[in-house]
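Visitor: The structure is given below, and queries will be raised subsequently.
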There are 2 protein chains.
Amino acid sequence: MERGQHLPGEFELIARYFAPLAKGFPGAFGLTDDAAVIAPEHGHELVAKTDAIVGGVHFLADEPPDLIARKALRVNLSDLAAKGAVARAYMLDLMLPRALDEAWVCGFAHGLAEDQKEYGIHLIGGDTDMTPGPVTIAIMAFGEIAVGRMIQRGGARAGDTIFVTGTIGDAALGLAVLRGALPELDPTSVAFLAGRYQVPLPRVTVGPRLVGLATAALDVSDGLAADLGHICEVSALAAILQAPSIPLSAAARAALLAQPGLLASVLTGGDDYEILFTADPASEAEIARLAQAVGVPITAIGTMVAASSAAEHRVSVLDATGRHVVFDHEGWTHF
Amino acid sequence: MERGQHLPGEFELIARYFAPLAKGFPGAFGLTDDAAVIAPEHGHELVAKTDAIVGGVHFLADEPPDLIARKALRVNLSDLAAKGAVARAYMLDLMLPRALDEAWVCGFAHGLAEDQKEYGIHLIGGDTDMTPGPVTIAIMAFGEIAVGRMIQRGGARAGDTIFVTGTIGDAALGLAVLRGALPELDPTSVAFLAGRYQVPLPRVTVGPRLVGLATAALDVSDGLAADLGHICEVSALAAILQAPSIPLSAAARAALLAQPGLLASVLTGGDDYEILFTADPASEAEIARLAQAVGVPITAIGTMVAASSAAEHRVSVLDATGRHVVFDHEGWTHF
């Protein structure tokens, strides 16, 4: 790595900020070696996921570095959770503009440290480089699951109920808020929505308990409608979504009251990092008990149905009166 | 991912160029799922490595995309090989400027496809994003090794001989050539050195056969002197390097004849991606047989020695007359 004017050298950065994050994971060799060693427990396999985030694209450049670190990590932990896996470790590639100072790296590492405690994981390797572009963060996360039990996208069956954890649309509305939209919104709602955009809450207490219960699952990152579309496509089915059933936070309801046109963002905005899954309707009571046990709402929002051709592997949205709804850039329209 | 003007959407890019690279690895699910599943063979564990490269920092922006792809992949395969591991799979995060066109991605994927055949590996996951910065490529590679047998940096012993594969300094001289230095050099040497910079040759036939033979190993990426320094530091030893023993290619000799001042680049320039390792002097005959068997030169270049304090965990370089040599920005000086 060539040196920035404001940053210590690569080896100092690693020793000072990143090596401490590897403590407690023997296969990380204290980040003093070139590679890490990781093996699943007997009868288990590793689930591997990578997701990168780019300054100005996936986060706002002036966000606090600890929040950026948490977001980079959590978008990956969210995927592992949705697949039913328990997160164990991660690697980090960090591309830094020269203008960043050491305080930024310190804040970034602090965010990682806090989340490591929260999720019981360790940093086991990585790379730091200078870039003439924006801060760019690539994370590769490793989880563990019993052999053959990863919850895939393709296992949904016609007649399955569609469920989603938590609430939908907060992150999209949070981004709108951070960009100065919704000036009339109350401060509590503003803070809640902005926080949901800046720091996703991976549903780690739910995902692993869906193994054997969910027939298909993924986390909502592209938007509820698009991600349900992914399940449809890989499962070769269609989906019917009941719009009034989609769970909204109090803050999202307040925002929509102020600007009803933002409703499309709720369905298509993405970055929710809730788990969207399908399950046999007979499992509904068990899923309700699970939601109760972990303290995370799980809401039935629709049904998977048969589709006779690839062109029909899509999502239909119905309103309270059972009419089809379509949405465009402005919001929703009926037809 | 937001769309570039010249590129198809993310899902189209994946389907067209990257999903074919996942064929043959069941745990990759054809890149239609959110995560991959990977498990080591019985009695083995995974060795995980990540390295990122950035346009304008680690490669020149106008290099052919297939060569950039190969470099991104090979710098990781080189690490796995140096650790004794056999590469099996990799994940890819690709950050693309909007101005790139589909032909670039096509060329990039072609480079990956060629190297997959060459090294017997598969793409099992990844992420593509737009960036306002330069092309940025993060690769995470997975290898496999018998439990507990990864060759670490810290296992060297006083009295061990220091070995290196191939030749040293070609890549540093190749970068100089590509930047227009050495206009007097013959075209054959120019092509050879430029190629060594653009496309590293990971020593995959050597590394796994060093398990049980090498006491410490790493690949030369920071420069021969610096990387030997890493072994010294983690092994708590010093090293004496015999400068005349350092293996040079015919092209490097020609370049140094033209500009002797470039000799420092040979020792400190980096990007060689040869394996630097230490072994008991009694293993020398076995190592010579290994070099013969795989057709890769392996040269003894020095000795590990005891050091009484951390300040002494460093590399001394001796010239043909046994005098200490130091080098600065200009080249070498004696003292």
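Going by the structure tokens order, chains are called A, B, ..., each with residues numbered from 1, while ligands are numbered from 1 in the order shown.
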With 8 Å as the limit and counting only C-alpha atoms, what residues in chain B lie close to chain A? Please list them as an MDAnalysis selection string.
Guide: chainID B and resid 32:40 44:54 56:57 79:80 83 91:93 125:127 129:134 138 140 150 152:153 218 234
Visitor: Could you dump the residues just selected with N, CA and C atoms as a compact mmCIF listing (two decimals), in the first residue's frame?
Guide:
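Contents of again15.txt, freshly written:
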```txt
# COMPACT_ATOMS: atom_id res chain seq x y z
N THR B 32 -27.44 -18.17 -8.34
CA THR B 32 -28.83 -17.70 -8.25
C THR B 32 -29.26 -17.56 -6.80
N ASP B 33 -28.38 -17.81 -5.86
CA ASP B 33 -28.76 -17.66 -4.46
C ASP B 33 -27.94 -16.53 -3.82
N ASP B 34 -28.11 -16.31 -2.51
CA ASP B 34 -27.46 -15.18 -1.85
C ASP B 34 -26.12 -15.53 -1.26
N ALA B 35 -25.82 -16.81 -1.13
CA ALA B 35 -24.59 -17.23 -0.49
C ALA B 35 -24.17 -18.56 -1.10
N ALA B 36 -22.94 -18.95 -0.84
CA ALA B 36 -22.41 -20.22 -1.33
C ALA B 36 -22.15 -21.15 -0.16
N VAL B 37 -22.11 -22.44 -0.44
CA VAL B 37 -21.79 -23.43 0.58
C VAL B 37 -20.49 -24.09 0.18
N ILE B 38 -19.58 -24.18 1.13
CA ILE B 38 -18.29 -24.82 0.86
C ILE B 38 -17.83 -25.57 2.11
N ALA B 39 -17.31 -26.76 1.92
CA ALA B 39 -16.84 -27.56 3.03
C ALA B 39 -15.56 -28.27 2.62
N PRO B 40 -14.58 -28.32 3.52
CA PRO B 40 -13.35 -29.04 3.19
C PRO B 40 -13.58 -30.55 3.21
N HIS B 44 -9.51 -32.19 6.44
CA HIS B 44 -8.93 -30.96 5.89
C HIS B 44 -9.63 -29.73 6.47
N GLU B 45 -9.02 -28.59 6.26
CA GLU B 45 -9.66 -27.33 6.62
C GLU B 45 -9.47 -26.35 5.48
N LEU B 46 -10.23 -25.24 5.54
CA LEU B 46 -10.13 -24.25 4.47
C LEU B 46 -9.09 -23.20 4.82
N VAL B 47 -8.34 -22.78 3.82
CA VAL B 47 -7.44 -21.64 3.95
C VAL B 47 -8.08 -20.51 3.14
N ALA B 48 -8.32 -19.37 3.80
CA ALA B 48 -9.04 -18.26 3.16
C ALA B 48 -8.13 -17.06 3.05
N LYS B 49 -8.17 -16.43 1.89
CA LYS B 49 -7.30 -15.29 1.62
C LYS B 49 -8.08 -14.24 0.84
N THR B 50 -7.90 -12.98 1.15
CA THR B 50 -8.49 -11.94 0.30
C THR B 50 -7.46 -10.87 -0.01
N ASP B 51 -7.50 -10.42 -1.24
CA ASP B 51 -6.61 -9.36 -1.70
C ASP B 51 -7.40 -8.56 -2.72
N ALA B 52 -7.31 -7.24 -2.64
CA ALA B 52 -8.03 -6.38 -3.58
C ALA B 52 -7.02 -5.63 -4.43
N ILE B 53 -7.40 -5.32 -5.65
CA ILE B 53 -6.55 -4.46 -6.48
C ILE B 53 -7.38 -3.31 -7.04
N VAL B 54 -6.72 -2.16 -7.18
CA VAL B 54 -7.37 -0.90 -7.50
C VAL B 54 -6.73 -0.31 -8.76
N GLY B 56 -5.06 2.05 -11.29
CA GLY B 56 -4.18 3.19 -11.08
C GLY B 56 -3.25 3.02 -9.89
N VAL B 57 -3.54 1.99 -9.05
CA VAL B 57 -2.67 1.72 -7.90
C VAL B 57 -1.93 0.40 -8.12
N ASP B 79 -0.90 -16.57 -2.75
CA ASP B 79 -0.89 -16.70 -1.29
C ASP B 79 -1.28 -18.10 -0.85
N LEU B 80 -2.34 -18.63 -1.44
CA LEU B 80 -2.78 -19.98 -1.06
C LEU B 80 -1.66 -20.99 -1.31
N LYS B 83 1.09 -20.95 1.18
CA LYS B 83 0.67 -21.53 2.47
C LYS B 83 0.54 -23.05 2.38
N MET B 91 -14.55 -15.97 -4.53
CA MET B 91 -15.66 -15.03 -4.66
C MET B 91 -15.07 -13.72 -5.21
N LEU B 92 -15.92 -12.91 -5.81
CA LEU B 92 -15.47 -11.71 -6.53
C LEU B 92 -16.39 -10.53 -6.24
N ASP B 93 -15.81 -9.44 -5.74
CA ASP B 93 -16.54 -8.16 -5.69
C ASP B 93 -15.94 -7.27 -6.76
N GLY B 125 -19.42 -16.95 -5.80
CA GLY B 125 -20.27 -15.88 -5.28
C GLY B 125 -19.62 -14.54 -5.53
N GLY B 126 -20.36 -13.47 -5.24
CA GLY B 126 -19.77 -12.16 -5.43
C GLY B 126 -20.80 -11.06 -5.47
N ASP B 127 -20.34 -9.92 -5.90
CA ASP B 127 -21.16 -8.71 -5.87
C ASP B 127 -20.62 -7.80 -6.97
N ASP B 129 -20.98 -3.77 -8.35
CA ASP B 129 -21.49 -2.45 -7.98
C ASP B 129 -20.91 -1.41 -8.91
N MET B 130 -21.60 -0.28 -8.99
CA MET B 130 -21.05 0.88 -9.68
C MET B 130 -20.18 1.66 -8.69
N THR B 131 -19.15 2.33 -9.21
CA THR B 131 -18.34 3.19 -8.37
C THR B 131 -18.01 4.48 -9.12
N PRO B 132 -17.97 5.62 -8.43
CA PRO B 132 -17.46 6.85 -9.05
C PRO B 132 -15.93 6.84 -9.13
N GLY B 133 -15.29 5.85 -8.53
CA GLY B 133 -13.82 5.74 -8.55
C GLY B 133 -13.36 4.80 -9.64
N PRO B 134 -12.10 4.33 -9.53
CA PRO B 134 -11.53 3.43 -10.54
C PRO B 134 -12.06 2.00 -10.37
N ALA B 138 -12.06 -7.01 -5.63
CA ALA B 138 -11.71 -7.74 -4.41
C ALA B 138 -12.01 -9.21 -4.64
N MET B 140 -11.76 -13.14 -2.94
CA MET B 140 -11.52 -13.97 -1.76
C MET B 140 -11.37 -15.40 -2.25
N MET B 150 -1.13 -25.82 7.49
CA MET B 150 -0.81 -24.59 6.76
C MET B 150 0.61 -24.13 7.10
N GLN B 152 3.09 -21.60 7.99
CA GLN B 152 2.96 -20.26 8.53
C GLN B 152 4.24 -19.44 8.32
N ARG B 153 4.16 -18.15 8.67
CA ARG B 153 5.34 -17.29 8.60
C ARG B 153 6.28 -17.55 9.77
N LEU B 218 5.99 -17.68 2.54
CA LEU B 218 5.03 -16.67 2.09
C LEU B 218 5.33 -16.38 0.63
N VAL B 234 8.01 -12.60 12.54
CA VAL B 234 7.08 -13.55 13.16
C VAL B 234 7.83 -14.76 13.70
```
Visitor: Could you go through range 124-269 of chain A and tell me which residues DSSP, when run on the backbone, assigns to helix (DSSP H, G or I), listing them as a ChimeraX atom specification?
Guide: /A:170-178,187-198,207-210,224-235,243-245,250-258,260-268
Visitor: What is the CA of Glu12 in chain A-CA of Leu31 in chain A distance in Å, reported with one decimal?
Guide: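 So the two atoms, CA of Glu12 in chain A and CA of Leu31 in chain A, lie 11.9 Å apart.
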Visitor: Show me, as a list in words, the residues that have an atom within 6 Å of Ser221 in chain A when counting only C-alpha atoms, minus same-chain residues fewer than 5 positions from it.
Guide: Gly270, Asp271, Asp272 and Tyr273 of chain A
Visitor: What's around Ala194 in chain A at 8 Å? Count only C-alpha atoms, leave out sequence neighbours fewer than 2 positions away in its own chain, and write the answer as a list of chain:residue names.
Guide: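 Everything that qualifies: A:Ala171, A:Leu173, A:Gly174, A:Leu175, A:Val177, A:Leu178, A:Val190, A:Ala191, A:Phe192, A:Arg196, A:Tyr197, A:Gln198.
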Visitor: Pull N, CA and C atoms from the residues just selected and write them as a PDB file, in the first residue's frame.
Guide:
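Okay, this is what ended up in result28.pdb:
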```pdb
ATOM      1  N   ALA A 171     -35.863   1.886   5.713  1.00  0.00           N
ATOM      2  CA  ALA A 171     -34.543   2.314   5.216  1.00  0.00           C
ATOM      3  C   ALA A 171     -34.694   3.249   4.018  1.00  0.00           C
ATOM      4  N   LEU A 173     -37.234   5.157   3.344  1.00  0.00           N
ATOM      5  CA  LEU A 173     -37.714   6.440   3.856  1.00  0.00           C
ATOM      6  C   LEU A 173     -36.602   7.151   4.625  1.00  0.00           C
ATOM      7  N   GLY A 174     -35.761   6.393   5.305  1.00  0.00           N
ATOM      8  CA  GLY A 174     -34.629   6.972   6.043  1.00  0.00           C
ATOM      9  C   GLY A 174     -33.659   7.679   5.111  1.00  0.00           C
ATOM     10  N   LEU A 175     -33.408   7.070   3.957  1.00  0.00           N
ATOM     11  CA  LEU A 175     -32.523   7.707   2.976  1.00  0.00           C
ATOM     12  C   LEU A 175     -33.153   9.007   2.472  1.00  0.00           C
ATOM     13  N   VAL A 177     -35.202  10.878   4.102  1.00  0.00           N
ATOM     14  CA  VAL A 177     -35.086  11.828   5.211  1.00  0.00           C
ATOM     15  C   VAL A 177     -33.681  12.436   5.263  1.00  0.00           C
ATOM     16  N   LEU A 178     -32.654  11.574   5.136  1.00  0.00           N
ATOM     17  CA  LEU A 178     -31.266  12.057   5.204  1.00  0.00           C
ATOM     18  C   LEU A 178     -30.944  12.983   4.040  1.00  0.00           C
ATOM     19  N   VAL A 190     -37.948  10.857  12.324  1.00  0.00           N
ATOM     20  CA  VAL A 190     -36.754  11.138  11.520  1.00  0.00           C
ATOM     21  C   VAL A 190     -35.581  10.295  12.013  1.00  0.00           C
ATOM     22  N   ALA A 191     -35.358  10.314  13.321  1.00  0.00           N
ATOM     23  CA  ALA A 191     -34.220   9.589  13.899  1.00  0.00           C
ATOM     24  C   ALA A 191     -34.371   8.089  13.676  1.00  0.00           C
ATOM     25  N   PHE A 192     -35.579   7.590  13.860  1.00  0.00           N
ATOM     26  CA  PHE A 192     -35.814   6.148  13.686  1.00  0.00           C
ATOM     27  C   PHE A 192     -35.537   5.716  12.248  1.00  0.00           C
ATOM     28  N   ARG A 196     -32.533   3.323  10.675  1.00  0.00           N
ATOM     29  CA  ARG A 196     -32.815   2.074   9.946  1.00  0.00           C
ATOM     30  C   ARG A 196     -32.056   2.031   8.619  1.00  0.00           C
ATOM     31  N   TYR A 197     -31.801   3.207   8.020  1.00  0.00           N
ATOM     32  CA  TYR A 197     -31.000   3.251   6.793  1.00  0.00           C
ATOM     33  C   TYR A 197     -29.520   3.051   7.104  1.00  0.00           C
ATOM     34  N   GLN A 198     -29.068   3.703   8.167  1.00  0.00           N
ATOM     35  CA  GLN A 198     -27.628   3.696   8.437  1.00  0.00           C
ATOM     36  C   GLN A 198     -27.144   2.392   9.052  1.00  0.00           C
TER      37      GLN A 198
END
```
Visitor: List every residue of range 19-95 of chain A that DSSP, applied to the backbone of this structure, places in strand (DSSP E), and write the result as a list in words.
Guide: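 Of range 19-95 of chain A, the ones in strand (DSSP E) are Ala36, Val37, Ile38, His44, Glu45, Leu46, Val47, Ala48, Lys49, Thr50, Asp51, Ala52, Ile53, Val54, Val86, Ala87, Arg88, Ala89, Tyr90, Met91, Leu92, Asp93, Leu94 and Met95 of chain A.
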Visitor: Which residues come within 8 Å of His6 in chain A, counting only C-alpha atoms, excluding same-chain residues fewer than 5 positions away, as a ChimeraX atom specification?
Guide: /A:98-102
Visitor: Please produce a file of the residues just selected, as a short mmCIF file (atom, residue, chain, number, x, y, z; two decimals), in the first residue's frame, where the atoms kept are C-alpha atoms.
Guide:
```cif
data_model
loop_
_atom_site.label_atom_id
_atom_site.label_comp_id
_atom_site.auth_asym_id
_atom_site.auth_seq_id
_atom_site.Cartn_x
_atom_site.Cartn_y
_atom_site.Cartn_z
CA ARG A 98 -5.54 9.46 0.91
CA ALA A 99 -7.41 12.33 2.50
CA LEU A 100 -8.84 10.18 5.30
CA ASP A 101 -7.20 10.53 8.68
CA GLU A 102 -6.40 8.05 11.41
#
```
Visitor: Taking 5 positions as the minimum chain separation for residues in the same chain, which residues sit within 6 Å of Ala69 in chain B when counting only C-alpha atoms? Answer as a PDB file with N, CA and C atoms, in the first residue's frame.
Guide:
```
ATOM      1  N   PHE B 108     -12.987  -9.276 -19.142  1.00  0.00           N
ATOM      2  CA  PHE B 108     -12.651  -9.588 -17.752  1.00  0.00           C
ATOM      3  C   PHE B 108     -13.091 -11.016 -17.408  1.00  0.00           C
ATOM      4  N   GLY B 111     -10.927 -13.669 -18.995  1.00  0.00           N
ATOM      5  CA  GLY B 111      -9.685 -13.901 -18.252  1.00  0.00           C
ATOM      6  C   GLY B 111      -9.910 -14.833 -17.073  1.00  0.00           C
ATOM      7  N   LEU B 112     -11.021 -14.628 -16.366  1.00  0.00           N
ATOM      8  CA  LEU B 112     -11.344 -15.504 -15.234  1.00  0.00           C
ATOM      9  C   LEU B 112     -11.570 -16.936 -15.712  1.00  0.00           C
TER      10      LEU B 112
END
```
Visitor: Give me the residues within 8 Å of Met304 in chain B as an MDAnalysis selection string, counting only C-alpha atoms and dropping any in the same chain fewer than 3 places off.
Guide: chainID B and resid 156:162 232 237:240 278
Visitor: For each of A:Thr215, A:Thr321, A:Thr205, A:Thr167, take the minimum atom-to-atom distance to Leu267 in chain A, counting only C-alpha atoms, then give the residue where this is smallest.
Guide: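 That would be A:Thr167, the residue with the smallest distance to Leu267 in chain A.
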Visitor: To one decimal place in Å, what is the distance between CA of Ala306 in chain B and CA of Ser235 in chain B?
Guide: 9.8 Å
Visitor: How far is it from CA of Ile121 in chain B to CA of Ala87 in chain B, in Å with one decimal?
Guide: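 Computing the Euclidean distance for CA of Ile121 in chain B and CA of Ala87 in chain B yields 6.5 Å.
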Visitor: So which one's closest to Thr299 in chain B, B:Glu184, B:Glu274, B:Glu118, B:Asp170? Using only C-alpha atoms, please.
Guide: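 The answer is B:Glu274, which sits nearest to Thr299 in chain B.
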Visitor: Of the candidates B:Pro247, B:Pro183, B:Gly169, B:Arg16, which shows the shortest atom-to-atom distance to Cys106 in chain B, using only C-alpha atoms?
Guide: B:Arg16
